[in-house]
Each structure stands twice: as C-alpha cells, then as structure tokens.
file start-v5.txt (compact mmCIF, C-alpha atoms)
# COMPACT_ATOMS: atom_id res chain seq x y z
CA MET A 1 149.13 235.03 159.04
CA ILE A 2 150.80 238.44 158.76
CA LEU A 3 147.39 240.10 158.74
CA TYR A 4 146.32 238.18 161.85
CA PHE A 5 149.35 239.19 163.91
CA THR A 6 149.16 242.75 162.61
CA ILE A 7 145.55 243.01 163.78
CA CYS A 8 146.50 241.52 167.16
CA ALA A 9 149.34 244.01 167.56
CA THR A 10 147.09 246.92 166.56
CA LEU A 11 144.37 245.91 169.02
CA LYS A 12 146.94 245.42 171.78
CA ALA A 13 148.45 248.84 171.07
CA GLY A 14 145.02 250.50 171.17
CA THR A 15 144.17 248.80 174.45
CA LEU A 16 147.51 249.83 175.91
CA VAL A 17 147.09 253.48 174.88
CA ARG A 18 143.63 253.66 176.41
CA ALA A 19 144.82 251.98 179.59
CA LEU A 20 147.77 254.34 179.97
CA ARG A 21 145.57 257.38 179.37
CA TYR A 22 143.14 256.61 182.17
CA ALA A 23 145.29 254.46 184.45
CA GLU A 24 145.74 254.97 188.16
CA TRP A 25 149.45 254.59 188.72
CA THR A 26 149.48 251.91 191.37
CA ILE A 27 152.15 249.22 191.53
CA PRO A 28 149.81 246.46 190.24
CA ARG A 29 148.73 248.70 187.33
CA ILE A 30 152.33 249.52 186.44
CA ILE A 31 153.23 245.82 186.41
CA ASP A 32 150.16 245.06 184.31
CA GLY A 33 151.19 247.81 181.88
CA ILE A 34 154.69 246.38 181.55
CA ALA A 35 153.17 242.98 180.76
CA ASP A 36 151.07 244.58 178.01
CA VAL A 37 154.13 246.35 176.57
CA ALA A 38 156.07 243.05 176.54
CA ALA A 39 153.18 241.33 174.76
CA LEU A 40 153.00 244.12 172.18
CA GLY A 41 156.75 243.94 171.58
CA PHE A 42 156.51 240.21 170.94
CA LEU A 43 153.63 240.65 168.48
CA VAL A 44 155.46 243.40 166.59
CA LEU A 45 158.58 241.24 166.34
CA ILE A 46 156.50 238.31 165.04
CA VAL A 47 155.14 240.55 162.26
CA ALA A 48 158.63 241.82 161.41
CA THR A 49 160.23 238.37 161.28
CA THR A 50 157.32 236.94 159.29
CA VAL A 51 157.59 239.69 156.66
CA THR A 52 161.38 239.36 156.31
CA ARG A 53 161.78 235.59 156.77
CA LEU A 54 163.88 233.53 154.39
CA PRO A 55 162.31 231.12 151.89
CA PRO A 56 161.99 227.59 153.33
CA LEU A 57 164.53 224.96 152.34
CA LYS A 58 162.25 222.15 153.48
CA THR A 59 158.64 221.90 154.71
CA ALA A 60 156.90 219.11 156.60
CA ARG A 61 154.53 217.14 154.39
CA GLY A 62 150.97 216.20 155.18
CA ILE A 63 148.08 217.83 156.97
CA GLU A 64 149.02 216.84 160.54
CA PRO A 65 152.04 219.18 160.91
CA ARG A 66 149.93 222.12 159.70
CA VAL A 67 147.00 221.30 161.99
CA SER A 68 149.31 220.79 164.99
CA ALA A 69 151.05 224.10 164.28
CA LEU A 70 147.82 226.05 164.00
CA ILE A 71 146.23 224.53 167.11
CA GLY A 72 149.43 224.84 169.12
CA CYS A 73 149.89 228.46 168.07
CA PHE A 74 146.31 229.70 168.39
CA ALA A 75 144.80 227.58 171.17
CA THR A 76 145.73 230.19 173.75
CA VAL A 77 143.68 232.79 171.85
CA THR A 78 140.53 230.97 173.01
CA LEU A 79 141.46 231.82 176.60
CA ILE A 80 140.12 235.32 175.91
CA ALA A 81 136.59 233.89 175.75
CA VAL A 82 136.82 232.13 179.12
CA PRO A 83 134.88 233.98 181.88
CA ARG A 84 137.26 235.72 184.26
CA LEU A 85 137.47 234.87 187.94
CA GLN A 86 137.99 237.46 190.62
CA THR A 87 141.52 236.56 191.74
CA PRO A 88 143.48 237.99 194.67
CA PRO A 89 145.67 241.00 193.81
CA GLN A 90 148.77 239.08 194.92
CA LEU A 91 148.04 236.32 192.40
CA GLN A 92 147.47 238.88 189.66
CA ILE A 93 150.87 240.44 190.36
CA VAL A 94 152.57 237.02 190.29
CA ALA A 95 150.79 236.18 187.02
CA ASP A 96 151.87 239.48 185.46
CA LEU A 97 155.48 238.99 186.56
CA VAL A 98 155.53 235.48 185.08
CA THR A 99 154.07 236.86 181.86
CA ILE A 100 156.66 239.66 181.72
CA VAL A 101 159.50 237.18 182.15
CA GLY A 102 157.98 234.87 179.54
CA PHE A 103 157.44 237.56 176.92
CA GLY A 104 160.88 239.05 177.60
CA LEU A 105 162.50 235.66 176.98
CA CYS A 106 160.31 235.13 173.90
CA ILE A 107 161.54 238.41 172.45
CA TRP A 108 165.14 237.37 173.12
CA CYS A 109 164.60 234.01 171.38
CA LEU A 110 162.73 235.49 168.42
CA TRP A 111 165.41 238.16 167.98
CA TRP A 112 168.02 235.43 167.53
CA LEU A 113 165.75 233.27 165.39
CA GLY A 114 165.09 236.27 163.14
CA ARG A 115 164.42 235.41 159.52
CA SER A 116 164.23 231.69 160.31
CA PHE A 117 160.90 232.09 162.15
CA SER A 118 157.91 230.10 160.94
CA ILE A 119 154.55 228.89 162.23
CA THR A 120 154.44 225.56 160.42
CA ALA A 121 157.30 223.06 160.50
CA GLN A 122 159.81 224.50 158.03
CA ALA A 123 163.59 224.72 157.78
CA ARG A 124 165.08 228.03 156.69
CA ARG A 125 168.41 228.48 158.47
CA LEU A 126 169.90 226.59 161.41
CA VAL A 127 170.31 228.89 164.41
CA THR A 128 172.63 227.58 167.15
CA ALA A 129 173.72 230.81 168.89
CA GLY A 130 172.22 232.86 171.71
CA PRO A 131 169.44 231.00 173.53
CA TYR A 132 169.72 228.25 170.91
CA GLN A 133 173.06 227.19 172.32
CA ILE A 134 171.33 226.49 175.66
CA VAL A 135 168.39 224.45 174.33
CA ARG A 136 167.26 223.54 170.82
CA HIS A 137 163.76 224.98 171.14
CA PRO A 138 163.90 227.90 173.59
CA LEU A 139 160.96 229.77 172.04
CA TYR A 140 158.60 226.92 172.87
CA ALA A 141 159.86 226.82 176.46
CA CYS A 142 159.40 230.58 176.85
CA GLU A 143 155.93 230.51 175.32
CA ALA A 144 155.04 227.89 177.94
CA ILE A 145 156.07 230.41 180.61
CA VAL A 146 153.72 232.98 179.07
CA LEU A 147 150.94 230.40 179.03
CA LEU A 148 151.55 229.71 182.72
CA GLY A 149 151.13 233.42 183.46
CA VAL A 150 147.88 233.56 181.49
CA VAL A 151 146.47 230.56 183.35
CA LEU A 152 147.52 231.99 186.71
CA ARG A 153 145.66 235.18 185.88
CA ASN A 154 142.43 233.21 185.43
CA PRO A 155 142.90 229.82 187.14
CA THR A 156 139.84 227.82 186.10
CA TRP A 157 139.49 224.23 184.95
CA MET A 158 138.72 225.50 181.45
CA THR A 159 141.89 227.59 181.19
CA ILE A 160 143.94 224.70 182.55
CA ALA A 161 142.40 222.33 179.98
CA ILE A 162 143.01 224.77 177.12
CA GLY A 163 146.56 225.37 178.34
CA ALA A 164 147.26 221.63 178.49
CA THR A 165 145.86 221.22 174.97
CA ALA A 166 148.06 224.03 173.68
CA LEU A 167 151.15 222.49 175.28
CA ALA A 168 150.37 219.06 173.81
CA PHE A 169 150.07 220.43 170.28
CA GLN A 170 153.11 222.65 170.77
CA TYR A 171 155.13 219.56 171.65
CA ARG A 172 153.83 217.80 168.55
CA ARG A 173 154.77 220.90 166.55
CA LEU A 174 158.26 220.73 168.04
CA ILE A 175 158.65 217.06 167.04
CA ASN A 176 157.64 217.89 163.47
CA GLU A 177 160.21 220.68 163.36
CA GLU A 178 162.89 218.30 164.63
CA LYS A 179 162.21 215.95 161.70
CA VAL A 180 162.38 218.77 159.14
CA LEU A 181 165.59 220.23 160.59
CA ARG A 182 167.30 216.83 160.65
CA ALA A 183 166.36 216.28 157.03
CA ALA A 184 167.46 219.77 155.94
CA PHE A 185 170.74 220.18 157.85
CA SER A 186 173.37 217.47 158.13
CA GLU A 187 174.91 219.22 161.15
CA TYR A 188 171.69 219.03 163.15
CA ASP A 189 172.52 215.59 164.57
CA ALA A 190 175.74 216.90 166.12
CA TYR A 191 173.89 219.97 167.41
CA SER A 192 171.17 217.82 169.00
CA ARG A 193 173.74 215.59 170.72
CA ARG A 194 175.37 218.51 172.50
CA THR A 195 172.24 220.61 173.18
CA PRO A 196 169.16 219.57 175.22
CA MET A 197 165.72 219.92 173.66
CA LEU A 198 163.80 222.12 176.12
CA ILE A 199 165.09 222.18 179.70
CA PRO A 200 167.98 224.63 180.21
CA PHE A 201 169.30 223.27 183.51
CA LEU A 202 170.08 219.96 181.79
CA SER A 203 172.53 221.77 179.51
CA LEU A 204 175.55 221.47 181.80
CA SER A 205 174.96 217.82 182.65
CA TRP A 206 174.26 217.10 178.97
CA ARG A 207 177.57 218.62 177.91
CA TRP A 208 179.41 216.98 180.78
CA ARG A 209 178.18 213.52 179.78
CA ASN A 210 179.14 214.06 176.14
CA ALA A 211 182.47 215.79 176.74
CA PRO A 212 185.69 213.78 176.26
CA PRO A 213 187.58 212.98 179.47
CA SER A 214 190.25 215.46 180.47
CA PRO A 215 193.86 214.30 180.88
CA LYS A 216 193.58 214.71 184.66
CA THR A 217 190.60 212.35 184.90
CA MET A 218 191.78 209.73 182.44
CA GLN A 219 192.92 206.53 184.07
CA VAL A 220 196.41 205.34 183.23
CA PRO A 221 196.41 201.61 182.47
CA PRO A 222 198.69 199.49 184.69
CA ARG A 223 202.00 198.42 183.23
call {"tool": "encode", "arguments": {"input": "start-v5.txt", "output": "structure tokens"}}
result
Amino acid sequence: MILYFTICATLKAGTLVRALRYAEWTIPRIIDGIADVAALGFLVLIVATTVTRLPPLKTARGIEPRVSALIGCFATVTLIAVPRLQTPPQLQIVADLVTIVGFGLCIWCLWWLGRSFSITAQARRLVTAGPYQIVRHPLYACEAIVLLGVVLRNPTWMTIAIGATALAFQYRRLINEEKVLRAAFSEYDAYSRRTPMLIPFLSLSWRWRNAPPSPKTMQVPPR
C-alpha cells in the first residue's frame, strides 16, 4: 500500500514538473496546476500517515470489509483508462476548482486524522477534533467532492457509473468502520449521538435536537 501511493506521488510529481516546465501561463493552466499540486499534497500526506500510523486496536473481520475498502479506495483509479471527451473550457475550470476544494479539504481532514489513518476498517485512535467535530467521516465526504470534480472533467456514462460504484463501496467501507469504532471505543456512541455522519449542514440541527432545553425555553408547570 505504501509502495502504491509512493509510486502515485512520484508519477504525479514528475507530471507536474514537466507541465510547469513547458506550460503556457494562462488562467485555466494555472488552475489546473493548482489542482495537480493539491493532488500531490494529498498523496504525500497519505504516504506519511501510512508510514507513521499507530498499530490497530481492532480490525474488521472477514473478507467483505477488505474488498469494500479496496474497491472503494481504488475504483477511481480506473477513471484514468476512460477515453477523454473534449469538454468546454468553462467546464474544465469548474471541474478543476471543485477538485482543488476537494483535495484541500481532504488534506485538512487527513492532517487531523494523522496516525489513525487506514485503508481497511481499523480502529487506532478516536479523533473527534477539527473536521471530525463537524461530521464523523469528513474524509469520505471530501473524497466525494474530488470524485465529482473528476467526473465533471470527463462527463461520460462510464465515468458516472464508475463514480457511483466508488461511492457505493465507500459508503459500505464507512459502515464497516462505524462497527469497528463502536466496538473499540466506548465513547463512540456519545460521539455519534452529537455528531452527524456525513452532511455538515445537519450539524447545527443535530446538536439543537439533542441539546437540553435552556432555562428560558423550559415551561413552568402550573401551580
């Protein structure tokens, strides 16, 4: 796994160096270069966190969690082999901007996850700070944003089908991680009650529904 991501990061770095050497500095090319830098930063951080990660306290049993993790993680790699469409420059810029935002958020999430990062469903350390105090699985949500950018860059039925497959297995991967974390950490139930799973804008309403009533809103029973 470390070797795979190291090779990916090396290839991405080589592609980026060649592109910067011979690039015409137009606005679309600059945006495309920023997207490549963000992707490289994410790959480098994956390698670093994988090398330094903590030993697992608990691992999901069976073959299904491993298969779901591998398909969910690597399905998007097959998008490279899909023939590219000639898309309008405006759509390419939008796709690159979505990808930049997605990779930037992924880097933020992975920075906080740190030594707890894993590909398969494993429990190392419970992280509840940073983006993990907004939703329980922010890295999955941010990777979905990256996937949206990739599909927008080459919007064909094949890329849409592969993207949908990746999302389905990513969700299954998430469910497997939930089971492992609940089994490994007794405080995970309380964390899950106060923190939504994936959608950030539900955070406020989630906390509001679970918060105790304030003295001003409590009804005084009649005497």
call {"tool": "atom_distance", "arguments": {"input": "start-v5.txt", "atom1": "CA of Ala129 (chain A)", "atom2": "CA of Ala141 (chain A)"}}
result
16.3 Å
call {"tool": "residues_around", "arguments": {"input": "start-v5.txt", "residues": "Asn176 (chain A)", "least_positions_apart": "5", "cutoff": "9 Å", "atoms": "only C-alpha atoms", "output": "PyMOL selection string"}}
result
chain A and resi 60+65+68+120-122+171+181
call {"tool": "atom_distance", "arguments": {"input": "start-v5.txt", "atom1": "CA of Ile199 (chain A)", "atom2": "CA of Leu139 (chain A)"}}
result
11.5 Å
call {"tool": "closest_atom_pairs", "arguments": {"input": "start-v5.txt", "of": "region 121-219 of chain A", "to": "region 102-111 of chain A", "cutoff": "7 Å", "atoms": "all atoms listed in the file", "output": "tab-separated table"}}
result
residue	atom	partner	partner_atom	distance
A:Pro131	CA	A:Cys109	CA	6.1
A:Pro138	CA	A:Cys109	CA	6.5
A:Leu139	CA	A:Cys109	CA	5.6
A:Cys142	CA	A:Gly102	CA	5.3
A:Glu143	CA	A:Gly102	CA	6.4
A:Ile145	CA	A:Gly102	CA	5.0
A:Val146	CA	A:Gly102	CA	4.7
call {"tool": "atom_distance", "arguments": {"input": "start-v5.txt", "atom1": "CA of Gln92 (chain A)", "atom2": "CA of Thr26 (chain A)"}}
result
13.3 Å
call {"tool": "residues_around", "arguments": {"input": "start-v5.txt", "residues": "Ile80 (chain A)", "least_positions_apart": "4", "cutoff": "12 Å", "atoms": "only C-alpha atoms", "output": "mmCIF file with C-alpha atoms, in the coordinates of the input"}}
result
data_model
loop_
_atom_site.group_PDB
_atom_site.id
_atom_site.type_symbol
_atom_site.label_atom_id
_atom_site.label_comp_id
_atom_site.auth_asym_id
_atom_site.auth_seq_id
_atom_site.Cartn_x
_atom_site.Cartn_y
_atom_site.Cartn_z
ATOM 1 C CA PHE A 74 146.310 229.700 168.390
ATOM 2 C CA ALA A 75 144.800 227.580 171.170
ATOM 3 C CA THR A 76 145.730 230.190 173.750
ATOM 4 C CA ARG A 84 137.260 235.720 184.260
ATOM 5 C CA VAL A 150 147.880 233.560 181.490
ATOM 6 C CA VAL A 151 146.470 230.560 183.350
ATOM 7 C CA ARG A 153 145.660 235.180 185.880
ATOM 8 C CA ASN A 154 142.430 233.210 185.430
ATOM 9 C CA MET A 158 138.720 225.500 181.450
ATOM 10 C CA THR A 159 141.890 227.590 181.190
ATOM 11 C CA ILE A 162 143.010 224.770 177.120
#
call {"tool": "closest_residue", "arguments": {"input": "start-v5.txt", "among": "A:Ala183, A:Val37, A:Ala168, A:Leu148", "to": "Leu79 (chain A)", "atoms": "all atoms listed in the file"}}
result
A:Leu148
call {"tool": "closest_residue", "arguments": {"input": "start-v5.txt", "among": "A:Ala69, A:Ala190, A:Val44, A:Leu85", "to": "Ile175 (chain A)", "atoms": "only C-alpha atoms"}}
result
A:Ala69
call {"tool": "closest_residue", "arguments": {"input": "start-v5.txt", "among": "A:Ala166, A:Leu43, A:Leu97, A:Leu113", "to": "Ile30 (chain A)", "atoms": "only C-alpha atoms"}}
result
A:Leu97
